[in-house]
$ cat model_9.cif   # mmCIF, C-alpha atoms and all ligand atoms
data_target
loop_
_atom_site.label_atom_id
_atom_site.label_comp_id
_atom_site.auth_asym_id
_atom_site.auth_seq_id
_atom_site.Cartn_x
_atom_site.Cartn_y
_atom_site.Cartn_z
CA MET A 147 229.32 60.94 14.62
CA GLN A 148 232.80 59.55 14.21
CA ILE A 149 234.26 56.24 15.25
CA GLY A 150 237.51 56.78 17.13
CA SER A 151 238.64 53.20 17.53
CA ASN A 152 239.98 50.27 15.54
CA ILE A 153 240.93 46.96 17.11
CA HIS A 154 241.82 45.06 13.94
CA THR A 155 245.31 46.20 12.96
CA HIS A 156 248.50 44.49 11.82
CA THR A 157 252.08 45.54 12.42
CA VAL A 158 255.58 44.28 11.64
CA TRP A 159 254.91 41.57 14.24
CA SER A 160 252.97 39.75 11.51
CA ASP A 161 252.24 40.97 7.96
CA GLY A 162 251.69 44.69 8.61
CA ARG A 163 254.03 47.39 7.33
CA ASP A 164 254.41 49.63 10.37
CA SER A 165 255.62 49.26 13.94
CA MET A 166 253.15 49.12 16.81
CA GLU A 167 254.34 52.53 17.92
CA THR A 168 253.66 54.07 14.49
CA VAL A 169 250.14 52.62 14.56
CA VAL A 170 249.53 54.06 18.04
CA GLU A 171 250.99 57.46 17.07
CA THR A 172 248.83 57.55 13.93
CA ALA A 173 245.72 56.62 15.92
CA LEU A 174 246.49 59.44 18.32
CA ARG A 175 246.90 61.88 15.43
CA LYS A 176 243.56 60.79 14.01
CA GLY A 177 241.92 61.59 17.33
CA PHE A 178 241.19 57.98 18.29
CA HIS A 179 240.52 57.15 21.93
CA SER A 180 241.48 53.49 21.56
CA VAL A 181 243.53 51.30 19.25
CA GLY A 182 244.07 47.56 19.45
CA ILE A 183 246.88 45.60 17.82
CA SER A 184 245.75 42.22 16.50
CA ASP A 185 248.58 40.55 14.64
CA HIS A 186 248.05 37.10 13.13
CA SER A 187 248.43 34.19 15.53
CA TYR A 188 251.04 31.56 14.67
CA THR A 189 249.92 29.13 11.98
CA TRP A 190 252.25 26.14 11.75
CA PHE A 191 251.02 25.20 8.25
CA ASP A 192 251.89 28.63 6.77
CA GLU A 193 254.53 30.79 8.41
CA ARG A 194 254.50 33.60 5.84
CA TYR A 195 251.86 35.92 7.33
CA CYS A 196 251.77 35.15 11.03
CA MET A 197 253.70 36.04 14.14
CA GLN A 198 256.89 34.02 14.42
CA ARG A 199 256.78 31.03 16.71
CA GLY A 200 257.67 31.86 20.30
CA LYS A 201 257.35 35.65 19.93
CA GLU A 202 254.15 35.98 21.96
CA ALA A 203 255.81 37.11 25.21
CA ALA A 204 257.81 39.85 23.44
CA TYR A 205 254.65 40.93 21.59
CA THR A 206 252.66 41.39 24.79
CA ALA A 207 255.64 43.09 26.50
CA GLU A 208 255.90 45.69 23.72
CA LEU A 209 252.17 46.35 23.94
CA ARG A 210 252.42 46.72 27.71
CA ARG A 211 255.20 49.27 27.23
CA LEU A 212 253.08 51.26 24.76
CA ARG A 213 250.01 51.05 26.98
CA GLU A 214 252.00 52.62 29.82
CA ARG A 215 253.72 55.16 27.63
CA TYR A 216 250.45 56.44 26.13
CA ASP A 217 248.38 56.10 29.28
CA GLY A 218 245.96 59.02 29.58
CA GLN A 219 246.24 59.83 25.84
CA ILE A 220 244.85 56.72 24.15
CA ASP A 221 243.88 53.21 25.26
CA VAL A 222 246.34 50.73 23.72
CA LEU A 223 244.76 47.28 23.67
CA THR A 224 246.35 43.86 23.27
CA GLY A 225 244.56 41.66 20.80
CA ILE A 226 245.22 38.83 18.41
CA GLU A 227 243.68 37.65 15.16
CA TYR A 228 243.33 33.96 15.83
CA ASP A 229 243.35 31.92 12.65
CA LEU A 230 240.81 29.30 13.60
CA ALA A 231 242.63 26.51 11.75
CA GLY A 232 245.79 27.14 13.80
CA ASP A 233 246.65 26.38 17.40
CA ALA A 234 245.16 28.54 20.15
CA PRO A 235 247.38 31.61 20.60
CA ALA A 236 249.74 31.25 23.55
CA LEU A 237 249.34 34.69 25.08
CA GLU A 238 247.15 36.78 27.35
CA THR A 239 245.09 39.21 25.33
CA GLY A 240 242.36 41.70 26.05
CA TYR A 241 240.32 40.39 23.13
CA VAL A 242 240.40 37.82 20.33
CA ILE A 243 239.27 38.20 16.72
CA GLY A 244 238.43 34.79 15.27
CA SER A 245 239.01 34.49 11.51
CA ALA A 246 239.27 31.79 8.87
CA HIS A 247 241.91 32.34 6.16
CA TYR A 248 242.35 28.74 4.99
CA VAL A 249 240.31 25.76 3.92
CA ARG A 250 241.81 22.35 4.50
CA ILE A 251 241.32 20.10 1.51
CA GLY A 252 243.09 16.78 1.03
CA GLY A 253 245.42 17.48 3.96
CA GLU A 254 246.54 20.82 2.52
CA TYR A 255 245.69 24.27 3.92
CA LEU A 256 244.67 26.39 0.96
CA PRO A 257 244.55 30.19 1.46
CA VAL A 258 241.25 31.94 0.85
CA ASP A 259 242.52 35.52 0.55
CA GLU A 260 246.05 35.35 -0.84
CA ASP A 261 245.63 36.00 -4.55
CA VAL A 262 243.56 35.06 -7.60
CA PRO A 263 245.65 32.04 -8.75
CA ASN A 264 245.45 30.50 -5.27
CA PHE A 265 241.74 31.21 -5.05
CA ARG A 266 241.21 29.55 -8.42
CA ARG A 267 243.04 26.49 -7.12
CA LEU A 268 240.86 26.49 -4.05
CA LEU A 269 237.67 26.74 -6.13
CA GLU A 270 238.77 23.81 -8.21
CA ALA A 271 239.74 21.70 -5.22
CA ALA A 272 236.41 22.42 -3.51
CA GLY A 273 234.34 21.65 -6.62
CA GLY A 274 233.03 25.15 -7.35
CA GLY A 275 231.84 28.30 -5.59
CA LEU A 276 228.79 26.91 -3.86
CA GLU A 277 230.61 23.83 -2.60
CA LEU A 278 233.42 26.02 -1.32
CA ALA A 279 230.96 28.36 0.39
CA LYS A 280 229.15 25.46 2.08
CA ARG A 281 232.41 24.13 3.37
CA TYR A 282 233.91 27.47 4.40
CA PHE A 283 230.83 28.76 6.22
CA SER A 284 229.91 25.54 8.00
CA GLU A 285 233.50 25.03 9.22
CA LEU A 286 233.71 28.66 10.28
CA ALA A 287 230.48 28.42 12.31
CA GLU A 288 231.73 25.23 13.99
CA GLN A 289 235.07 26.86 14.87
CA ILE A 290 233.38 29.98 16.21
CA LEU A 291 231.13 27.90 18.45
CA ARG A 292 234.17 25.99 19.73
CA VAL A 293 236.51 28.99 20.26
CA ARG A 294 233.94 31.71 21.10
CA PRO A 295 236.18 34.66 20.18
CA ASP A 296 235.07 38.20 21.08
CA VAL A 297 234.78 39.23 17.46
CA LEU A 298 233.97 37.26 14.32
CA GLY A 299 236.41 38.55 11.68
CA HIS A 300 235.58 39.27 8.00
CA PHE A 301 232.80 36.68 7.83
CA ASP A 302 232.56 36.36 4.02
CA LEU A 303 236.27 36.68 3.21
CA LEU A 304 235.79 34.20 0.36
CA THR A 305 234.13 37.00 -1.65
CA LYS A 306 237.41 38.97 -1.69
CA PHE A 307 238.11 38.40 -5.40
CA SER A 308 234.42 38.45 -6.47
CA MET A 309 234.76 34.91 -7.84
CA VAL A 310 231.89 33.28 -5.93
CA GLU A 311 228.44 33.88 -7.33
CA GLU A 312 225.90 35.22 -4.85
CA THR A 313 223.06 32.83 -5.69
CA GLU A 314 220.11 32.13 -3.42
CA ALA A 315 221.76 28.85 -2.36
CA TYR A 316 224.94 30.74 -1.51
CA ARG A 317 222.97 33.24 0.54
CA ASP A 318 221.15 30.48 2.41
CA CYS A 319 224.31 28.71 3.55
CA ALA A 320 226.02 31.98 4.51
CA ARG A 321 222.98 33.11 6.50
CA GLU A 322 222.63 29.79 8.27
CA ALA A 323 226.26 29.81 9.44
CA LEU A 324 226.10 33.43 10.50
CA LEU A 325 222.95 32.87 12.56
CA ALA A 326 224.65 29.94 14.30
CA ALA A 327 227.76 32.03 15.06
CA ILE A 328 226.16 35.29 16.25
CA PRO A 329 225.24 34.10 19.78
CA ALA A 330 228.83 32.88 20.35
CA VAL A 331 230.51 36.28 19.81
CA LYS A 332 230.19 39.78 21.24
CA ALA A 333 230.26 41.35 17.78
CA VAL A 334 230.52 40.58 14.10
CA GLU A 335 233.14 42.68 12.40
CA VAL A 336 232.32 45.10 9.59
CA ASN A 337 235.67 45.13 7.84
CA THR A 338 236.82 47.67 5.23
CA GLY A 339 240.18 45.92 4.58
CA ALA A 340 239.47 44.87 0.99
CA MET A 341 238.26 48.41 0.21
CA ALA A 342 241.61 49.76 1.40
CA ARG A 343 243.29 47.31 -0.99
CA GLY A 344 241.10 48.51 -3.87
CA LEU A 345 239.49 45.09 -4.30
CA ARG A 346 235.94 45.88 -3.22
CA ASN A 347 233.78 48.94 -2.86
CA SER A 348 231.81 47.62 0.09
CA PRO A 349 232.89 46.10 3.39
CA TYR A 350 232.69 42.49 4.60
CA PRO A 351 230.13 41.16 5.18
CA ALA A 352 227.73 41.79 2.28
CA ASP A 353 224.58 43.83 2.88
CA PHE A 354 222.27 40.80 3.03
CA LEU A 355 224.39 39.44 5.88
CA LEU A 356 224.42 42.79 7.66
CA GLN A 357 220.64 42.65 7.44
CA THR A 358 220.71 39.17 8.94
CA ILE A 359 222.80 40.44 11.86
CA ARG A 360 220.45 43.33 12.50
CA GLU A 361 217.35 41.15 12.31
CA ALA A 362 218.93 38.64 14.70
CA GLY A 363 219.77 41.41 17.19
CA GLY A 364 223.54 40.90 16.74
CA GLN A 365 226.12 43.60 17.38
CA VAL A 366 228.68 44.91 14.90
CA ILE A 367 232.11 46.49 15.32
CA LEU A 368 233.82 48.56 12.65
CA SER A 369 237.42 47.89 11.61
CA SER A 370 239.71 48.44 8.65
CA ASP A 371 241.95 45.40 9.18
CA ALA A 372 244.75 47.94 8.73
CA HIS A 373 248.05 46.62 7.40
CA ARG A 374 249.45 50.16 7.29
CA ALA A 375 248.87 52.90 9.83
CA GLU A 376 247.34 55.42 7.44
CA HIS A 377 244.47 52.98 6.76
CA LEU A 378 243.34 52.95 10.40
CA ASP A 379 240.00 54.60 9.61
CA PHE A 380 239.72 53.66 5.94
CA ALA A 381 236.15 54.24 4.61
CA PHE A 382 234.74 54.50 8.14
CA GLY A 383 232.47 57.44 7.23
CA GLU A 384 230.78 55.77 4.26
CA THR A 385 230.53 52.45 6.11
CA LEU A 386 228.71 54.09 9.02
CA GLU A 387 226.39 55.62 6.45
CA ARG A 388 225.79 52.12 4.99
CA LEU A 389 225.03 50.73 8.44
CA ARG A 390 222.55 53.53 9.14
CA ARG A 391 220.88 52.86 5.80
CA LEU A 392 220.54 49.21 6.76
CA GLY A 393 218.84 50.19 10.00
CA PHE A 394 221.66 49.94 12.54
CA THR A 395 221.49 52.52 15.32
CA GLN A 396 224.68 51.54 17.15
CA VAL A 397 228.04 49.84 16.78
CA LEU A 398 230.31 48.48 19.48
CA GLU A 399 233.67 50.00 20.31
CA ARG A 400 236.36 48.43 22.40
CA ARG A 401 237.77 50.55 25.19
CA LYS A 402 239.95 49.75 28.17
CA ALA A 403 236.92 48.72 30.22
CA GLY A 404 235.49 46.45 27.53
CA PHE A 405 233.06 46.58 24.62
CA VAL A 406 230.68 49.55 24.76
CA PRO A 407 227.80 50.50 22.46
CA VAL A 408 228.12 53.78 20.56
CA SER A 409 225.09 55.39 18.98
CA ILE A 410 225.42 56.11 15.26
CA GLY A 411 221.98 57.70 14.87
ZN ZN B 501 242.10 38.21 8.58
ZN ZN B 502 243.51 40.96 9.85
#

$ encode --input "model_9.cif" --output "structure tokens"
Amino acid sequence: MQIGSNIHTHTVWSDGRDSMETVVETALRKGFHSVGISDHSYTWFDERYCMQRGKEAAYTAELRRLRERYDGQIDVLTGIEYDLAGDAPALETGYVIGSAHYVRIGGEYLPVDEDVPNFRRLLEAAGGGLELAKRYFSELAEQILRVRPDVLGHFDLLTKFSMVEETEAYRDCAREALLAAIPAVKAVEVNTGAMARGLRNSPYPADFLLQTIREAGGQVILSSDAHRAEHLDFAFGETLERLRRLGFTQVLERRKAGFVPVSIG
């Protein structure tokens, strides 16, 4: 059983390396039946990683062109990764991935996933790992309930640099937020992005959270958060194996008609 779809991908329209067309061509070569582009929505408080202001119409027009060009070969889907601290994205999309990349402390938006020095700063400003986790997860759950995106992106992104200890108290607050968020989304993302960057050897979210999703009857969708086309299916095989081990029998895939369950048994 192979997964032939990835709807969490970045291109030169935000912080990805490749053009949309290269991503689509690569997906086609890998035998995918669908690929979605989900560049970062505009964040006014940090313009370094996101789509430039006012580019939304050109972004959707280019995706429309590719959808038509590759019609009958692969479904090209228009998505967006909506940073939940930013403004609502001003464009029509087929789906929305809701993600939190910043924590606002003292009026400043501090990045969660940029690099170790910034994460250290964030830990200090929040008053330690557990305090940061409480804040990050409870704000994320609130934002998810407000926005109700299709997909909840990289739920425990704050574990990217392995600098937050996974204590019982940490697990409790992560679980509580996840359980609150699950009913508001179609799927929780299982994201291999940090594996592709060589930072982790397991996907987001951690196994205990995957167990929570399964026990709560939530759905998962596999992605690699690809910032370069060759990573479109990064670690998909071993991640499916992990999901099977944890008792999952299906994942969702996004196709032209919508989200569909795919058996992984
Ligand atoms: Zn993200
Ligand atoms: Zn992303």

$ atom_distance --input "model_9.cif" --atom1 "CA of Tyr228 in chain A" --atom2 "CA of Leu269 in chain A"
23.8 Å

$ residues_near_point --input "model_9.cif" --point "(252.7, 26.9, 4.7)" --cutoff "9 Å" --atoms "all atoms listed in the file" --output "number ranges by chain"
A: 189-194, 254-256

$ closest_residue --input "model_9.cif" --among "A:Asp302, A:Asp233, A:Asp217, A:Glu202" --to "ligand ZN 501 (chain B)" --atoms "only C-alpha atoms and all ligand atoms"
A:Asp302

$ closest_residue --input "model_9.cif" --among "A:Tyr282, A:Tyr241, A:Tyr216, A:Tyr350" --to "ligand ZN 501 (chain B)" --atoms "only C-alpha atoms and all ligand atoms"
A:Tyr350

$ residues_around --input "model_9.cif" --residues "Glu311 in chain A" --least-positions-apart "2" --cutoff "7 Å" --atoms "only C-alpha atoms" --output "list of chain:residue names"
A:Gly275, A:Met309, A:Thr313

$ build_atoms --input "model_9.cif" --residues "range 305-326 of chain A" --atoms "N, CA and C atoms" --output "compact mmCIF listing (two decimals), in the frame of the given file"
# COMPACT_ATOMS: atom_id res chain seq x y z
N THR A 305 234.61 36.15 -0.55
CA THR A 305 234.13 37.00 -1.65
C THR A 305 235.18 38.04 -2.06
N LYS A 306 236.37 37.96 -1.46
CA LYS A 306 237.41 38.97 -1.69
C LYS A 306 237.67 39.26 -3.17
N PHE A 307 237.76 38.20 -3.98
CA PHE A 307 238.11 38.40 -5.40
C PHE A 307 236.88 38.37 -6.32
N SER A 308 235.70 38.45 -5.71
CA SER A 308 234.42 38.45 -6.47
C SER A 308 234.35 37.27 -7.42
N MET A 309 234.76 36.09 -6.97
CA MET A 309 234.76 34.91 -7.84
C MET A 309 233.76 33.85 -7.37
N VAL A 310 232.93 34.21 -6.38
CA VAL A 310 231.89 33.28 -5.93
C VAL A 310 230.55 33.96 -6.20
N GLU A 311 229.71 33.28 -6.95
CA GLU A 311 228.44 33.88 -7.33
C GLU A 311 227.48 33.92 -6.15
N GLU A 312 226.82 35.07 -5.99
CA GLU A 312 225.90 35.22 -4.85
C GLU A 312 224.51 34.73 -5.24
N THR A 313 224.36 33.42 -5.34
CA THR A 313 223.06 32.83 -5.69
C THR A 313 222.22 32.71 -4.42
N GLU A 314 220.97 32.32 -4.59
CA GLU A 314 220.11 32.13 -3.42
C GLU A 314 220.67 31.01 -2.53
N ALA A 315 221.20 29.96 -3.16
CA ALA A 315 221.76 28.85 -2.36
C ALA A 315 222.99 29.32 -1.58
N TYR A 316 223.78 30.17 -2.21
CA TYR A 316 224.94 30.74 -1.51
C TYR A 316 224.46 31.55 -0.31
N ARG A 317 223.48 32.39 -0.54
CA ARG A 317 222.97 33.24 0.54
C ARG A 317 222.44 32.39 1.70
N ASP A 318 221.73 31.33 1.36
CA ASP A 318 221.15 30.48 2.41
C ASP A 318 222.23 29.89 3.30
N CYS A 319 223.30 29.37 2.70
CA CYS A 319 224.31 28.71 3.55
C CYS A 319 225.11 29.75 4.35
N ALA A 320 225.32 30.93 3.77
CA ALA A 320 226.02 31.98 4.51
C ALA A 320 225.18 32.44 5.70
N ARG A 321 223.89 32.66 5.43
CA ARG A 321 222.98 33.11 6.50
C ARG A 321 222.89 32.10 7.63
N GLU A 322 222.78 30.84 7.26
CA GLU A 322 222.63 29.79 8.27
C GLU A 322 223.84 29.76 9.21
N ALA A 323 225.03 29.85 8.62
CA ALA A 323 226.26 29.81 9.44
C ALA A 323 226.37 31.06 10.31
N LEU A 324 226.01 32.19 9.75
CA LEU A 324 226.10 33.43 10.50
C LEU A 324 225.14 33.41 11.69
N LEU A 325 223.93 32.94 11.46
CA LEU A 325 222.95 32.87 12.56
C LEU A 325 223.42 31.93 13.67
N ALA A 326 224.12 30.87 13.28
CA ALA A 326 224.65 29.94 14.30
C ALA A 326 225.77 30.61 15.09
